[in-house]
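Report on the following structure.
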Amino acid sequence: MNYNETLAYLYERLPMFQRIGKAAYKADLSNTHALMDVLGHPERGLTCIHLAGTNGKGSTANMLASVLQEAGYRTGLHTSPHLKDFRERFRINGEMVPEETVTQFVEQHRTAFEPIAASFFEWGVALALHWFREKKTDIALIECGLGGRLDSTNVVTPLVSIITNIGWDHAELLGDSLEKIAVEKAGIIKPGIPVVVGEAEGVVAEVFRRKAEDNGAPITFPDQTKPMPFTLDLPGEHQQRNARTALAALHELRRQGWKISDAHIAAGLANVQRNTGFAGRWQTIAEKPRTIVDIGHNADGLRIVREMLARTPHEQLHVVLGTVNDKDIDAMLALLPQQATYYFCKAEIPRGLEASELQKRARAIGLHGSVFPSVKAALAVAQEAASGKDLVLVTGSAFVVAEVV
């Protein structure tokens, strides 16, 4: 197979949560353990940091990767989902895994993997851990895909565990309360392994304290009110919070003997996008009219989008909006401004919510606009309608953003 044929195999043969939703979710780690057996257990001995959380784990992982690269460490980074290229999920020092590596991995292991009936994400975790071992990374940032306790990545034993925050997402799989969702995320806390919890209070914080105490794991809650001593290239107060979480993890690495100076941290946080290829978070993709994309895909994510809108000067607002069908759509829509023109669309994935249904539900709470046959068509009309002082925003789903970046 060539690379495109390999991708077709992965997409067509394997269940993929991002495309079809919970039908692809397997609520145990048996598949991953079986894959690790086939590969000779690349997870064992992997030096890594493991990240979970509802929002911000990708940003935090990329910040840490950037700093560690600046400190001279060969740094792996496994995140999801991707925007344009499957290989975005697998990077070493910012460079994506080569196409031929992906093809060779699938060809070499498909016969052994097929009886396991692994999901798309499980294949990806296996590839990441195998590649990081093969390339002898000094350290890797491993981001959970969904949840924590039963996430395929939860076969690693990290130097530090990070839980960024807890919010409402995937409630049908993780639990119908924030406490239950927190229990699932807390599943990455391991015996004796320090854990950093970026944002938590009340019963959610108590879930993490109890889990850490039961495991003899030192736990840190960063002071999110402290001034940020470094400049970030990622805008927004939410990124400041993610950076404070990253700083707490870096402090723990220093305590363990890693050579990370303040100069490394300053350079890393100032150059996250350049060093790691991070994209899709309040990212400007065009001027005149200014066009910004953000992958906000749940209520907490769109709350941040609303905060960013309030800080971004503009006259009229044009919102290209699409989402997937298993989110709390009404809660998301309630956070969007009524004084805007909406361009409803659907990403080209089975899990996408039909644009006409999205329009109907938006209209019910006072959001008005038209339906378009594709994301690109919606964006083209929005940009044509916008004046030079207007703002065009593309949001609601990583899959919508992926079609225009």
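By convention here, the chains of the structure tokens are called A, B, ... in the order presented, each chain's residues are numbered starting at 1, and ligands are numbered starting at 1 in the order presented.
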| message | What's around His297 (chain A) at 8 Å? Count only C-alpha atoms, leave out sequence neighbours fewer than 2 positions away in its own chain, and write the answer as a PyMOL selection string. | response | chain A and resi 295+299+301-302+323+395-398
Dump N, CA and C atoms for the selected residues as a PDB file, in the first residue's frame?
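Okay, this is what ended up in out.pdb:
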```pdb
ATOM      1  N   ILE A 295     -11.497  25.678  17.535  1.00  0.00           N
ATOM      2  CA  ILE A 295     -12.116  24.352  17.564  1.00  0.00           C
ATOM      3  C   ILE A 295     -13.047  24.151  18.763  1.00  0.00           C
ATOM      4  N   ALA A 299     -19.642  23.179  25.572  1.00  0.00           N
ATOM      5  CA  ALA A 299     -20.084  24.409  26.239  1.00  0.00           C
ATOM      6  C   ALA A 299     -18.902  25.179  26.829  1.00  0.00           C
ATOM      7  N   GLY A 301     -15.797  25.110  25.875  1.00  0.00           N
ATOM      8  CA  GLY A 301     -15.013  25.658  24.787  1.00  0.00           C
ATOM      9  C   GLY A 301     -15.639  26.900  24.181  1.00  0.00           C
ATOM     10  N   LEU A 302     -16.964  26.886  24.024  1.00  0.00           N
ATOM     11  CA  LEU A 302     -17.641  28.057  23.451  1.00  0.00           C
ATOM     12  C   LEU A 302     -17.757  29.191  24.456  1.00  0.00           C
ATOM     13  N   THR A 323     -21.414  21.525  14.063  1.00  0.00           N
ATOM     14  CA  THR A 323     -21.079  20.731  15.232  1.00  0.00           C
ATOM     15  C   THR A 323     -21.348  19.262  14.943  1.00  0.00           C
ATOM     16  N   THR A 395     -16.330  28.034  13.933  1.00  0.00           N
ATOM     17  CA  THR A 395     -16.220  27.339  15.209  1.00  0.00           C
ATOM     18  C   THR A 395     -17.272  26.241  15.333  1.00  0.00           C
ATOM     19  N   GLY A 396     -17.266  25.564  16.493  1.00  0.00           N
ATOM     20  CA  GLY A 396     -18.258  24.543  16.811  1.00  0.00           C
ATOM     21  C   GLY A 396     -17.736  23.125  16.780  1.00  0.00           C
ATOM     22  N   SER A 397     -16.614  22.905  16.073  1.00  0.00           N
ATOM     23  CA  SER A 397     -16.090  21.546  15.928  1.00  0.00           C
ATOM     24  C   SER A 397     -14.710  21.591  15.288  1.00  0.00           C
ATOM     25  N   ALA A 398     -13.827  20.710  15.748  1.00  0.00           N
ATOM     26  CA  ALA A 398     -12.515  20.591  15.100  1.00  0.00           C
ATOM     27  C   ALA A 398     -12.669  20.188  13.642  1.00  0.00           C
TER      28      ALA A 398
END
```
Who sits within 9 Å of region 221-227 of chain A, only C-alpha atoms, same chain under 6 positions skipped, as an mmCIF file with N, CA and C atoms, in the first residue's frame:
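Result written to out-v5.cif:
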```cif
data_model
loop_
_atom_site.group_PDB
_atom_site.id
_atom_site.type_symbol
_atom_site.label_atom_id
_atom_site.label_comp_id
_atom_site.auth_asym_id
_atom_site.auth_seq_id
_atom_site.Cartn_x
_atom_site.Cartn_y
_atom_site.Cartn_z
ATOM 1 N N VAL A 195 0.765 14.269 40.458
ATOM 2 C CA VAL A 195 -0.314 14.697 39.576
ATOM 3 C C VAL A 195 -0.534 16.193 39.744
ATOM 4 N N VAL A 196 -0.716 16.871 38.629
ATOM 5 C CA VAL A 196 -1.048 18.300 38.599
ATOM 6 C C VAL A 196 -2.475 18.436 38.098
ATOM 7 N N VAL A 197 -3.319 19.127 38.858
ATOM 8 C CA VAL A 197 -4.704 19.377 38.453
ATOM 9 C C VAL A 197 -4.845 20.870 38.199
ATOM 10 N N GLY A 198 -5.064 21.238 36.936
ATOM 11 C CA GLY A 198 -5.045 22.644 36.552
ATOM 12 C C GLY A 198 -6.148 23.467 37.169
ATOM 13 N N GLU A 199 -7.390 22.992 37.056
ATOM 14 C CA GLU A 199 -8.540 23.734 37.575
ATOM 15 C C GLU A 199 -9.547 22.754 38.143
ATOM 16 N N ALA A 200 -9.878 22.918 39.423
ATOM 17 C CA ALA A 200 -10.886 22.067 40.053
ATOM 18 C C ALA A 200 -11.290 22.701 41.373
ATOM 19 N N ALA A 205 -12.636 18.686 42.917
ATOM 20 C CA ALA A 205 -11.311 18.701 43.533
ATOM 21 C C ALA A 205 -11.170 17.572 44.542
ATOM 22 N N GLN A 240 -3.547 31.262 29.463
ATOM 23 C CA GLN A 240 -2.752 31.586 30.649
ATOM 24 C C GLN A 240 -2.947 30.505 31.720
ATOM 25 N N ARG A 241 -4.191 30.057 31.863
ATOM 26 C CA ARG A 241 -4.456 28.996 32.845
ATOM 27 C C ARG A 241 -3.762 27.696 32.438
ATOM 28 N N ARG A 244 -0.119 28.013 33.308
ATOM 29 C CA ARG A 244 0.175 27.818 34.739
ATOM 30 C C ARG A 244 0.186 26.332 35.083
ATOM 31 N N THR A 245 -0.714 25.583 34.457
ATOM 32 C CA THR A 245 -0.723 24.132 34.647
ATOM 33 C C THR A 245 0.576 23.520 34.123
ATOM 34 N N LEU A 247 3.435 25.040 33.810
ATOM 35 C CA LEU A 247 4.539 25.453 34.680
ATOM 36 C C LEU A 247 4.636 24.577 35.927
ATOM 37 N N ALA A 248 3.480 24.186 36.472
ATOM 38 C CA ALA A 248 3.494 23.311 37.646
ATOM 39 C C ALA A 248 4.111 21.959 37.300
#
```
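Contact shell of Ala263 (chain A) at 9 Å (only C-alpha atoms; same-chain neighbours under 5 positions omitted): Glu70, Ala71 and Gly268 of chain A.
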| request: Take CA of Arg110 (chain A) and CA of Asp85 (chain A) and report the distance between them in Å, one decimal. | output: 21.0 Å
| query | If you count only C-alpha atoms, which residues fall within 8 Å of Val319 (chain A), apart from same-chain ones fewer than 3 positions away, as a count of residues only? | reply | 9
| request: Taking the chain letters and numbering used in this document, name the residues of region 178-367 of chain A that DSSP puts in strand (DSSP E or B), as number ranges by chain. | output: A: 195-197, 219-220, 283-286, 290-293, 317-321, 324, 341-344, 352
| What lies within 12 Å of Leu141 (chain A) using only C-alpha atoms, ignoring chain neighbours under 5 positions off, as a ChimeraX atom specification? | /A:46-52,57-69,74-80,89-94,128-129,132,153,156-162,246,249,276
Just C-alpha atoms for this one: save the residues we selected as a PDB file, in the first residue's frame.
```
ATOM      1  CA  LEU A  46       8.629   5.128  27.994  1.00  0.00           C
ATOM      2  CA  THR A  47       9.545   8.413  29.688  1.00  0.00           C
ATOM      3  CA  CYS A  48       6.433  10.541  29.354  1.00  0.00           C
ATOM      4  CA  ILE A  49       3.858  12.940  30.757  1.00  0.00           C
ATOM      5  CA  HIS A  50       0.219  11.836  30.560  1.00  0.00           C
ATOM      6  CA  LEU A  51      -2.547  14.423  30.120  1.00  0.00           C
ATOM      7  CA  ALA A  52      -6.311  14.220  30.570  1.00  0.00           C
ATOM      8  CA  LYS A  57      -5.020  19.255  27.358  1.00  0.00           C
ATOM      9  CA  GLY A  58      -3.860  19.719  23.767  1.00  0.00           C
ATOM     10  CA  SER A  59      -2.697  23.274  24.462  1.00  0.00           C
ATOM     11  CA  THR A  60      -0.932  22.217  27.648  1.00  0.00           C
ATOM     12  CA  ALA A  61       0.742  19.273  25.913  1.00  0.00           C
ATOM     13  CA  ASN A  62       1.992  21.491  23.100  1.00  0.00           C
ATOM     14  CA  MET A  63       3.308  24.094  25.559  1.00  0.00           C
ATOM     15  CA  LEU A  64       5.237  21.419  27.431  1.00  0.00           C
ATOM     16  CA  ALA A  65       6.570  19.925  24.201  1.00  0.00           C
ATOM     17  CA  SER A  66       7.772  23.340  23.045  1.00  0.00           C
ATOM     18  CA  VAL A  67       9.599  24.021  26.326  1.00  0.00           C
ATOM     19  CA  LEU A  68      11.208  20.576  26.407  1.00  0.00           C
ATOM     20  CA  GLN A  69      12.367  21.011  22.801  1.00  0.00           C
ATOM     21  CA  ARG A  74      14.139  14.839  21.938  1.00  0.00           C
ATOM     22  CA  THR A  75      10.415  15.279  22.539  1.00  0.00           C
ATOM     23  CA  GLY A  76       7.546  13.141  21.303  1.00  0.00           C
ATOM     24  CA  LEU A  77       4.004  14.481  21.133  1.00  0.00           C
ATOM     25  CA  HIS A  78       0.849  12.400  20.648  1.00  0.00           C
ATOM     26  CA  THR A  79      -2.395  14.398  20.436  1.00  0.00           C
ATOM     27  CA  SER A  80      -5.821  14.131  18.817  1.00  0.00           C
ATOM     28  CA  ARG A  89      -1.111  13.273  15.850  1.00  0.00           C
ATOM     29  CA  PHE A  90       2.476  12.026  15.952  1.00  0.00           C
ATOM     30  CA  ARG A  91       5.394  14.429  16.212  1.00  0.00           C
ATOM     31  CA  ILE A  92       8.981  14.414  17.409  1.00  0.00           C
ATOM     32  CA  ASN A  93      10.469  17.877  17.948  1.00  0.00           C
ATOM     33  CA  GLY A  94       7.585  19.297  15.933  1.00  0.00           C
ATOM     34  CA  ALA A 128       2.786   6.545  18.655  1.00  0.00           C
ATOM     35  CA  LEU A 129       4.299   4.390  21.387  1.00  0.00           C
ATOM     36  CA  PHE A 132       8.654   6.972  20.122  1.00  0.00           C
ATOM     37  CA  THR A 153      -3.268   5.838  26.403  1.00  0.00           C
ATOM     38  CA  VAL A 156       1.736   4.329  30.186  1.00  0.00           C
ATOM     39  CA  THR A 157       3.467   5.061  33.494  1.00  0.00           C
ATOM     40  CA  PRO A 158       4.403   8.753  33.364  1.00  0.00           C
ATOM     41  CA  LEU A 159       6.759  10.996  35.309  1.00  0.00           C
ATOM     42  CA  VAL A 160       3.833  13.352  35.929  1.00  0.00           C
ATOM     43  CA  SER A 161       0.092  13.050  35.340  1.00  0.00           C
ATOM     44  CA  ILE A 162      -1.850  16.181  34.381  1.00  0.00           C
ATOM     45  CA  ALA A 246       2.256  23.465  32.375  1.00  0.00           C
ATOM     46  CA  ALA A 249       4.399  20.182  35.680  1.00  0.00           C
ATOM     47  CA  THR A 276       5.083  22.145  17.497  1.00  0.00           C
TER      48      THR A 276
END
```
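Put simply, CA of Met96 (chain A) is 17.3 Å away from CA of Asn271 (chain A).
Here CA of Phe121 (chain A) is placed at a distance of 29.5 Å from CA of Pro235 (chain A).
DSSP secondary structure from the backbone places Ala171, Glu172, Leu173, Leu174, Leu178, Glu179, Lys180, Ile181, Ala182 and Val183 of chain A of region 135-183 of chain A in alpha helix (DSSP H).
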Can you pull out the residues contacting region 99-108 of chain A? Cut-off 12 Å, using only C-alpha atoms, and skip same-chain residues under 2 positions away; I want them as a JSON list (two decimals) with C-alpha atoms, in the first residue's frame.
```json
[["chain", "number", "residue", "atom", "x", "y", "z"],
["A", 1, "MET", "CA", 0.00, 0.00, 0.00],
["A", 2, "ASN", "CA", 1.04, 3.59, -0.57],
["A", 3, "TYR", "CA", 0.29, 6.26, 2.06],
["A", 4, "ASN", "CA", -3.15, 7.18, 0.68],
["A", 5, "GLU", "CA", -4.14, 3.52, 0.51],
["A", 6, "THR", "CA", -2.93, 3.07, 4.07],
["A", 7, "LEU", "CA", -5.11, 5.95, 5.25],
["A", 8, "ALA", "CA", -8.08, 4.53, 3.36],
["A", 9, "TYR", "CA", -7.53, 1.21, 5.13],
["A", 10, "LEU", "CA", -7.42, 2.89, 8.55],
["A", 38, "VAL", "CA", 2.13, -7.73, 19.66],
["A", 39, "LEU", "CA", 4.57, -4.79, 19.68],
["A", 85, "ASP", "CA", -3.27, 15.35, 8.19],
["A", 86, "PHE", "CA", -3.44, 12.15, 10.25],
["A", 87, "ARG", "CA", 0.28, 12.54, 10.88],
["A", 88, "GLU", "CA", -0.34, 15.67, 12.99],
["A", 89, "ARG", "CA", -1.11, 13.27, 15.85],
["A", 90, "PHE", "CA", 2.48, 12.03, 15.95],
["A", 95, "GLU", "CA", 8.13, 17.09, 12.89],
["A", 96, "MET", "CA", 5.28, 14.80, 11.87],
["A", 97, "VAL", "CA", 5.83, 11.08, 11.49],
["A", 110, "ARG", "CA", -2.17, -5.50, 10.11],
["A", 111, "THR", "CA", -2.23, -9.30, 10.08],
["A", 112, "ALA", "CA", -1.65, -9.48, 13.84],
["A", 113, "PHE", "CA", -3.83, -6.46, 14.63],
["A", 114, "GLU", "CA", -6.92, -7.40, 12.57],
["A", 120, "PHE", "CA", -8.75, 3.85, 14.80],
["A", 123, "TRP", "CA", -4.09, 1.87, 16.21],
["A", 124, "GLY", "CA", -2.87, 5.44, 16.65],
["A", 126, "ALA", "CA", 0.09, 1.77, 19.19],
["A", 127, "LEU", "CA", 1.82, 3.65, 16.37],
["A", 128, "ALA", "CA", 2.79, 6.54, 18.66],
["A", 129, "LEU", "CA", 4.30, 4.39, 21.39],
["A", 130, "HIS", "CA", 6.09, 2.16, 18.86],
["A", 131, "TRP", "CA", 7.56, 5.14, 16.98],
["A", 132, "PHE", "CA", 8.65, 6.97, 20.12],
["A", 134, "GLU", "CA", 12.06, 3.33, 17.87],
["A", 135, "LYS", "CA", 13.29, 6.93, 17.72]]
```
| request: Between A:Ala364, A:Leu146, A:Val155, A:Leu29, single out the one closest to Ile116 (chain A), counting only C-alpha atoms. | output: A:Leu29
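Each of A:Arg303, A:Lys346, A:Lys288, A:His368 was checked against Gly388 (chain A) using only C-alpha atoms; the smallest atom-to-atom distance is that of A:Lys288.
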| Given only C-alpha atoms as the counted atoms, nearest of A:Ala217, A:Leu358, A:Leu35, A:Ile292 to Ser119 (chain A) | A:Leu35
